[in-house]
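So this block is target-v2.cif, mmCIF, C-alpha atoms and all ligand atoms:
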data_upload
#
loop_
_atom_site.label_atom_id
_atom_site.label_comp_id
_atom_site.auth_asym_id
_atom_site.auth_seq_id
_atom_site.Cartn_x
_atom_site.Cartn_y
_atom_site.Cartn_z
CA MET B 24 0.00 0.00 0.00
CA ARG B 25 1.14 3.52 -0.75
CA LEU B 26 -0.14 6.67 0.92
CA PRO B 27 -0.20 10.21 -0.50
CA CYS B 28 1.62 12.45 1.98
CA PRO B 29 0.61 16.08 1.30
CA ILE B 30 4.24 17.13 1.83
CA CYS B 31 6.35 14.25 0.47
CA GLY B 32 4.10 12.81 -2.26
CA THR B 33 3.03 9.18 -2.63
CA ARG B 34 5.15 7.00 -0.39
CA ASP B 35 5.43 3.43 0.79
CA ARG B 36 3.28 2.39 3.74
CA ARG B 37 6.38 1.28 5.67
CA GLU B 38 7.36 4.91 6.18
CA PHE B 39 4.13 5.54 8.10
CA TYR B 40 2.99 4.75 11.63
CA TYR B 41 -0.71 3.93 11.95
CA GLN B 42 -2.51 5.64 14.82
CA GLY B 43 -6.22 4.84 14.37
CA ALA B 44 -9.53 6.45 13.53
CA ALA B 45 -9.46 10.17 12.73
CA SER B 46 -12.36 10.60 15.16
CA MET B 47 -9.62 11.07 17.76
CA LEU B 48 -9.44 14.66 16.51
CA GLU B 49 -13.07 15.27 17.53
CA ARG B 50 -12.53 15.82 21.21
CA PRO B 51 -15.73 16.23 23.26
CA VAL B 52 -16.43 19.83 24.20
CA SER B 53 -18.27 18.91 27.38
CA GLY B 54 -17.01 16.88 30.30
CA GLU B 55 -19.91 14.45 30.01
CA LEU B 56 -18.87 10.88 30.76
CA ASP B 57 -20.75 9.19 27.89
CA ALA B 58 -19.19 11.54 25.33
CA TRP B 59 -15.69 10.81 26.65
CA HIS B 60 -16.38 7.09 26.82
CA ALA B 61 -17.39 7.11 23.15
CA TYR B 62 -14.43 9.30 22.20
CA VAL B 63 -11.88 7.07 23.89
CA HIS B 64 -13.33 3.60 23.35
CA VAL B 65 -16.04 3.39 20.67
CA ARG B 66 -15.02 2.89 17.06
CA ASP B 67 -17.09 2.25 13.92
CA ASN B 68 -14.81 -0.33 12.24
CA PRO B 69 -16.44 0.29 8.84
CA ALA B 70 -16.40 -2.04 5.84
CA GLY B 71 -15.86 0.72 3.32
CA ARG B 72 -14.71 4.29 3.58
CA THR B 73 -12.69 5.20 6.64
CA ARG B 74 -10.64 8.18 7.82
CA ASP B 75 -7.53 7.34 9.78
CA LEU B 76 -4.60 9.14 11.37
CA TRP B 77 -1.15 8.25 10.09
CA HIS B 78 2.22 9.65 11.10
CA HIS B 79 4.79 9.99 8.33
CA GLU B 80 7.35 8.86 10.83
CA ALA B 81 10.20 7.96 8.50
CA GLY B 82 9.40 10.81 6.12
CA CYS B 83 8.61 14.44 6.82
CA GLY B 84 7.21 13.82 10.31
CA ALA B 85 3.74 15.20 9.59
CA TRP B 86 0.47 13.80 10.93
CA VAL B 87 -1.98 13.17 8.10
CA ILE B 88 -5.61 12.07 7.75
CA VAL B 89 -5.91 9.40 5.08
CA GLU B 90 -9.25 8.49 3.57
CA ARG B 91 -9.37 4.98 2.19
CA ASP B 92 -11.66 2.01 1.59
CA THR B 93 -11.11 -0.98 3.86
CA VAL B 94 -12.81 -3.32 1.35
CA THR B 95 -11.22 -2.30 -1.96
CA HIS B 96 -8.02 -0.82 -0.43
CA GLU B 97 -8.50 2.23 -2.64
CA VAL B 98 -6.88 5.34 -1.17
CA PHE B 99 -8.85 8.49 -1.91
CA GLY B 100 -6.52 11.13 -0.54
CA ALA B 101 -4.85 12.67 2.47
CA VAL B 102 -4.69 16.04 4.21
CA LEU B 103 -2.47 17.41 6.94
CA VAL B 104 -4.03 17.24 10.37
CA GLU B 105 -3.01 20.86 10.79
CA ASP B 106 -5.21 21.84 7.84
CA ALA B 107 -8.19 19.84 9.11
CA ASP B 108 -7.96 20.46 12.85
CA ALA B 109 -7.35 23.94 14.22
CA ASP B 110 -6.31 22.61 17.64
CA MET H 10 45.42 19.05 28.93
CA ASP H 11 45.02 15.87 26.94
CA ARG H 12 44.93 16.16 23.20
CA LEU H 13 41.98 14.25 21.80
CA THR H 14 41.96 12.92 18.28
CA ALA H 15 38.76 13.48 16.36
CA VAL H 16 37.49 10.24 14.79
CA SER H 17 34.83 10.35 12.09
CA PRO H 18 31.81 8.02 12.46
CA GLY H 19 32.97 5.80 9.59
CA ALA H 20 36.71 5.97 10.09
CA ASP H 21 37.22 2.23 10.65
CA LEU H 22 34.36 1.14 8.38
CA LEU H 23 35.00 2.76 5.01
CA PRO H 24 35.55 2.78 2.12
CA VAL H 25 33.81 -0.36 0.86
CA ARG H 26 34.28 -1.46 -2.75
CA GLN H 27 32.38 -4.13 -4.65
CA GLY H 28 32.84 -4.36 -8.42
CA ALA H 29 31.92 -0.98 -9.89
CA LEU H 30 30.38 0.21 -6.63
CA THR H 31 32.01 2.39 -4.00
CA LEU H 32 30.69 3.38 -0.59
CA GLU H 33 32.71 6.10 1.08
CA GLU H 34 32.40 8.50 3.96
CA VAL H 35 31.76 12.17 3.32
CA LEU H 36 33.08 14.60 5.92
CA PRO H 37 30.63 17.49 5.74
CA GLY H 38 32.21 19.65 8.41
CA GLU H 39 29.63 21.52 10.39
CA ILE H 40 26.01 20.40 10.14
CA THR H 41 23.46 22.93 11.36
CA SER H 42 19.76 22.19 11.56
CA ILE H 43 17.47 25.08 10.67
CA ALA H 44 13.78 24.90 11.61
CA PRO H 45 11.94 28.08 10.54
CA PHE H 46 9.32 29.34 12.96
CA ARG H 47 5.76 29.45 11.70
CA GLY H 48 5.43 31.89 8.82
CA GLN H 49 9.15 32.68 8.70
CA ARG H 50 10.34 30.42 5.91
CA LYS H 51 10.54 33.23 3.36
CA ALA H 52 12.51 35.42 5.75
CA VAL H 53 14.86 32.49 6.47
CA THR H 54 15.43 31.98 2.75
CA GLN H 55 16.21 35.67 2.30
CA ALA H 56 18.66 35.66 5.21
CA LEU H 57 20.38 32.49 3.94
CA LEU H 58 20.58 33.82 0.38
CA ALA H 59 22.11 37.07 1.55
CA ALA H 60 24.71 35.38 3.77
CA LEU H 61 25.51 32.13 1.95
CA GLY H 62 23.90 32.19 -1.49
CA VAL H 63 21.51 29.27 -0.91
CA GLY H 64 17.84 29.36 -0.04
CA PHE H 65 15.81 27.14 2.29
CA PRO H 66 14.96 24.05 0.20
CA GLU H 67 11.52 22.98 -0.96
CA ALA H 68 10.28 19.56 0.21
CA ASN H 69 12.22 16.64 -1.32
CA CYS H 70 15.01 18.92 -2.58
CA LEU H 71 18.33 20.42 -1.65
CA THR H 72 19.87 23.75 -2.57
CA ARG H 73 23.59 24.05 -3.20
CA LYS H 74 26.38 26.40 -4.04
CA GLY H 75 29.84 24.93 -4.50
CA GLU H 76 30.49 22.64 -1.52
CA LEU H 77 27.63 24.19 0.42
CA ARG H 78 24.38 22.29 0.72
CA CYS H 79 21.07 23.01 2.38
CA VAL H 80 19.29 19.66 2.54
CA TRP H 81 15.56 19.28 3.25
CA MET H 82 15.23 17.02 6.30
CA GLY H 83 11.52 17.04 7.05
CA ARG H 84 8.62 19.29 7.68
CA ASP H 85 9.99 22.83 8.20
CA LEU H 86 13.48 21.44 8.71
CA ALA H 87 16.71 21.56 6.73
CA PHE H 88 20.41 20.89 7.40
CA LEU H 89 23.07 23.33 6.31
CA MET H 90 26.21 21.36 5.47
CA GLY H 91 29.62 22.36 4.21
CA ALA H 92 29.79 25.81 5.78
CA ARG H 93 29.22 27.59 9.04
CA LEU H 94 25.87 29.30 9.39
CA THR H 95 26.82 32.96 9.15
CA ALA H 96 23.29 34.27 8.69
CA ASP H 97 21.61 35.68 11.80
CA LEU H 98 18.38 33.69 12.10
CA GLY H 99 17.49 35.06 15.52
CA GLY H 100 13.71 35.20 15.82
CA LEU H 101 13.31 33.44 12.46
CA ALA H 102 14.27 29.80 13.12
CA ALA H 103 15.38 27.28 15.71
CA VAL H 104 19.04 26.47 15.05
CA THR H 105 21.05 23.58 16.50
CA ASP H 106 24.48 22.07 15.90
CA GLN H 107 24.16 18.51 14.55
CA SER H 108 27.77 18.06 13.43
CA ASP H 109 28.66 15.00 15.48
CA GLY H 110 25.26 13.34 15.28
CA TRP H 111 25.32 11.94 11.76
CA ILE H 112 27.28 9.72 9.44
CA VAL H 113 27.28 10.88 5.83
CA LEU H 114 27.91 8.31 3.10
CA LYS H 115 28.24 8.49 -0.66
CA LEU H 116 27.35 5.49 -2.81
CA SER H 117 28.49 5.72 -6.41
CA GLY H 118 29.12 3.58 -9.47
CA ALA H 119 26.88 1.70 -11.90
CA GLY H 120 24.18 -0.14 -9.98
CA ALA H 121 24.06 2.22 -6.98
CA GLU H 122 20.27 2.54 -7.40
CA ASP H 123 19.96 -1.26 -7.49
CA VAL H 124 21.75 -1.47 -4.14
CA LEU H 125 19.40 0.95 -2.45
CA ALA H 126 16.37 -0.64 -4.16
CA ARG H 127 17.03 -3.59 -1.84
CA LEU H 128 16.94 -1.42 1.25
CA VAL H 129 14.89 1.73 0.66
CA PRO H 130 11.12 1.78 -0.11
CA ALA H 131 11.37 4.73 -2.52
CA ASP H 132 12.08 5.00 -6.24
CA LEU H 133 15.65 6.32 -6.47
CA ARG H 134 16.17 5.80 -10.19
CA ALA H 135 17.47 8.91 -11.92
CA ALA H 136 14.19 9.58 -13.74
CA ALA H 137 12.26 9.72 -10.45
CA PHE H 138 15.10 10.98 -8.27
CA PRO H 139 17.23 13.48 -10.21
CA GLU H 140 20.25 15.54 -9.16
CA GLY H 141 19.19 17.80 -6.30
CA ALA H 142 16.49 15.47 -4.93
CA ALA H 143 16.61 14.88 -1.16
CA ILE H 144 14.07 12.77 0.75
CA ARG H 145 13.57 11.36 4.22
CA THR H 146 12.90 7.63 4.12
CA GLN H 147 13.98 4.34 5.65
CA LEU H 148 16.98 2.13 5.01
CA GLY H 149 16.05 -1.18 6.50
CA HIS H 150 14.57 -0.10 9.83
CA MET H 151 16.68 3.04 10.13
CA ASN H 152 15.36 6.51 9.40
CA VAL H 153 17.70 8.20 6.93
CA SER H 154 18.05 11.04 4.46
CA VAL H 155 18.85 10.11 0.85
CA ALA H 156 19.91 12.71 -1.70
CA ARG H 157 21.37 12.71 -5.19
CA THR H 158 24.21 15.17 -5.29
CA GLY H 159 27.63 15.43 -6.85
CA GLY H 160 27.33 12.35 -9.04
CA GLY H 161 26.28 9.88 -6.38
CA LEU H 162 23.69 8.98 -3.80
CA GLN H 163 24.25 10.56 -0.40
CA ILE H 164 22.91 8.67 2.59
CA MET H 165 22.78 10.27 6.03
CA GLY H 166 22.05 8.20 9.11
CA PHE H 167 22.33 8.58 12.86
CA ARG H 168 25.90 8.21 14.06
CA SER H 169 24.78 5.72 16.70
CA MET H 170 23.71 3.37 13.89
CA ALA H 171 26.76 3.90 11.66
CA ARG H 172 28.02 0.32 11.82
CA THR H 173 24.62 -1.21 11.04
CA LEU H 174 24.03 1.28 8.24
CA VAL H 175 27.36 0.52 6.55
CA GLN H 176 26.89 -3.23 7.02
CA GLU H 177 23.40 -3.20 5.46
CA ILE H 178 24.62 -1.26 2.42
CA ALA H 179 27.81 -3.32 2.08
CA ASP H 180 25.80 -6.57 2.10
CA ALA H 181 23.49 -5.25 -0.63
CA MET H 182 26.51 -4.05 -2.63
CA ALA H 183 27.99 -7.54 -2.48
CA SER H 184 24.72 -9.06 -3.75
CA VAL H 185 24.37 -6.59 -6.61
CA ALA H 186 28.04 -6.97 -7.60
CA ALA H 187 27.75 -10.78 -7.51
CA ARG H 188 24.71 -10.69 -9.80
CA ALA H 189 26.50 -8.32 -12.20
CA GLY H 190 29.51 -10.67 -12.17
CA ALA H 191 27.30 -13.67 -12.90
CA GLY H 192 25.96 -11.86 -16.01
ZN ZN B 201 5.62 13.21 4.45
#

Give the structure from the file, written as structure tokens.
Ligand SMILES: [Zn+2]
Amino acid sequence: MRLPCPICGTRDRREFYYQGAASMLERPVSGELDAWHAYVHVRDNPAGRTRDLWHHEAGCGAWVIVERDTVTHEVFGAVLVEDADAD
Amino acid sequence: MDRLTAVSPGADLLPVRQGALTLEEVLPGEITSIAPFRGQRKAVTQALLAALGVGFPEANCLTRKGELRCVWMGRDLAFLMGARLTADLGGLAAVTDQSDGWIVLKLSGAGAEDVLARLVPADLRAAAFPEGAAIRTQLGHMNVSVARTGGGLQIMGFRSMARTLVQEIADAMASVAARAGAG
């Protein structure tokens, strides 16, 4: 698998560290327990399109959000976390 | 006071020769990392151009003038090699001395790309990786910088991994040379 780093271009998967679902960027605004439980523990595990966080660890060092299909393995694109998440 | 003898990271490891291939150590002198603060990259380039004649490199590239190189090393990060940083980057960039932290190698000769094709998950053939290209990638499990400059492939790795780095490349050189010899 190859991933399109917005800085480096399309690069081999081995250069990347996989973090998990990009929903980790959607931190709950409130302190409500259910919201934090879902944020920390509940994942969709979709058969199809998914948005994940990857770290271009052996490349430029940027965190990117990659959108891909878990069934077909098609990769649709990637954006820098910085551009998608103001925090 | 004792006099200490400076020993380069590859002093007892290099050069390595296999057929047409040569792996040798490059002594870059001072290595200075330059990390522009947010929004200051243009100002850093202007300061570097005025003082040294090279700009801050774009991603996957290096800039050079004579022996001087400014090598892209990651997001908002480049290494100045081959000269002392004479530009005043105060307020524009974080600057650190990296001189003793890295081993710098040059792999040259026909088949050099074939050697690294066994170790590096990036296309380093001349068509995809021309003179002046400089990427961060992996060599085996080690994070490295690879650049094409001065008629060869330059590989930079952490000094602490110098022996492993040279051994990995030397083994691949032996394989490629053996295949070339076997026709
Ligand atoms: Zn990258």

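A straight line drawn from atom CA of B:Ile30 to atom CA of H:Ile112 is 25.4 Å long.
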
Collect all residues with atoms no farther than 10 Å from ligand ZN 201 (chain B), counting all atoms listed in the file, and output them as a list of chain:residue names. B:Leu26, B:Pro27, B:Cys28, B:Pro29, B:Ile30, B:Cys31, B:Gly32, B:Thr33, B:Arg34, B:Glu38, B:Phe39, B:His78, B:His79, B:Glu80, B:Ala81, B:Gly82, B:Cys83, B:Gly84, B:Ala85, B:Trp86, B:Val87, B:Leu103, H:Ala68, H:Asn69, H:Gly83, H:Arg84, H:Ile144, H:Arg145, H:Thr146

Find the spatial neighbours of H:Ala87, counting only C-alpha atoms, within a cut-off of 10 Å - ignore same-chain residues fewer than 4 positions away - and output them as a PyMOL selection string. chain H and resi 40-45+65-68+70-71+78-83+104

Report, in Å to a single decimal, how far apart atom CA of H:Ala29 and atom CA of H:Ala181 are. 13.2 Å

Please identify all polymer residues within 12 Å of stretch 90-94 of chain H, counting all atoms listed in the file, omitting same-chain residues fewer than 4 positions from it, and present them as a PyMOL selection string. chain H and resi 35-43+53+56-63+71-82+98-99+104-108+111+113+165

Just the residues within 8 Å of H:Ile178, please, counting only C-alpha atoms, with nothing from its chain fewer than 2 positions along; format it as a ChimeraX atom specification. /H:124-125,128,174-176,180-182

Using only C-alpha atoms, the residue out of H:Ala183, H:Glu33, H:Arg157, H:Ala119 with shortest distance to H:Asp21 is H:Glu33

Neighbour list for stretch 58-66 of chain B as a list of chain:residue names, cut-off 12 Å, only C-alpha atoms, skip fewer than 4 positions in-chain: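 So, after excluding close chain neighbours, the residues are B:Gly43, B:Ala44, B:Ala45, B:Ser46, B:Met47, B:Leu48, B:Glu49, B:Arg50, B:Pro51, B:Val52, B:Ser53, B:Gly54, B:Thr73, B:Arg74, B:Asp75.
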
Please save C-alpha atoms of the selected residues as a PDB file, in the frame of the given file.
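Generated file (again_8.pdb):
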ATOM      1  CA  GLY B  43      -6.220   4.840  14.370  1.00  0.00           C
ATOM      2  CA  ALA B  44      -9.530   6.450  13.530  1.00  0.00           C
ATOM      3  CA  ALA B  45      -9.460  10.170  12.730  1.00  0.00           C
ATOM      4  CA  SER B  46     -12.360  10.600  15.160  1.00  0.00           C
ATOM      5  CA  MET B  47      -9.620  11.070  17.760  1.00  0.00           C
ATOM      6  CA  LEU B  48      -9.440  14.660  16.510  1.00  0.00           C
ATOM      7  CA  GLU B  49     -13.070  15.270  17.530  1.00  0.00           C
ATOM      8  CA  ARG B  50     -12.530  15.820  21.210  1.00  0.00           C
ATOM      9  CA  PRO B  51     -15.730  16.230  23.260  1.00  0.00           C
ATOM     10  CA  VAL B  52     -16.430  19.830  24.200  1.00  0.00           C
ATOM     11  CA  SER B  53     -18.270  18.910  27.380  1.00  0.00           C
ATOM     12  CA  GLY B  54     -17.010  16.880  30.300  1.00  0.00           C
ATOM     13  CA  THR B  73     -12.690   5.200   6.640  1.00  0.00           C
ATOM     14  CA  ARG B  74     -10.640   8.180   7.820  1.00  0.00           C
ATOM     15  CA  ASP B  75      -7.530   7.340   9.780  1.00  0.00           C
TER      16      ASP B  75
END

Selection near stretch 131-135 of chain H, 9 Å with only C-alpha atoms, sequence-local residues under 3 positions removed, as a list in words: Arg34 and Asp35 of chain B; Glu122, Asp123, Leu125, Ala126, Phe138, Pro139, Glu140, Thr146, Gln147, Val155, Arg157 and Leu162 of chain H

Resulting file, chosen residues, C-alpha atoms, as an mmCIF file, in the coordinates of the input:
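Generated file (out.cif):
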data_model
loop_
_atom_site.group_PDB
_atom_site.id
_atom_site.type_symbol
_atom_site.label_atom_id
_atom_site.label_comp_id
_atom_site.auth_asym_id
_atom_site.auth_seq_id
_atom_site.Cartn_x
_atom_site.Cartn_y
_atom_site.Cartn_z
ATOM 1 C CA ARG B 34 5.150 7.000 -0.390
ATOM 2 C CA ASP B 35 5.430 3.430 0.790
ATOM 3 C CA GLU H 122 20.270 2.540 -7.400
ATOM 4 C CA ASP H 123 19.960 -1.260 -7.490
ATOM 5 C CA LEU H 125 19.400 0.950 -2.450
ATOM 6 C CA ALA H 126 16.370 -0.640 -4.160
ATOM 7 C CA PHE H 138 15.100 10.980 -8.270
ATOM 8 C CA PRO H 139 17.230 13.480 -10.210
ATOM 9 C CA GLU H 140 20.250 15.540 -9.160
ATOM 10 C CA THR H 146 12.900 7.630 4.120
ATOM 11 C CA GLN H 147 13.980 4.340 5.650
ATOM 12 C CA VAL H 155 18.850 10.110 0.850
ATOM 13 C CA ARG H 157 21.370 12.710 -5.190
ATOM 14 C CA LEU H 162 23.690 8.980 -3.800
#

Distance in Å - atom CA of B:Ile88 versus atom CA of B:Val102: 5.4 Å

Of the listed residues H:Gly149, H:Gly118, H:Gly110, H:Gly48, that which approaches chain B most closely, counting all atoms listed in the file: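 Smallest separation from chain B among the options: H:Gly149.
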
Which is closest to chain B among H:Pro24, H:Gly166, H:Gly160, H:Gly100, if we use all atoms listed in the file? H:Gly166
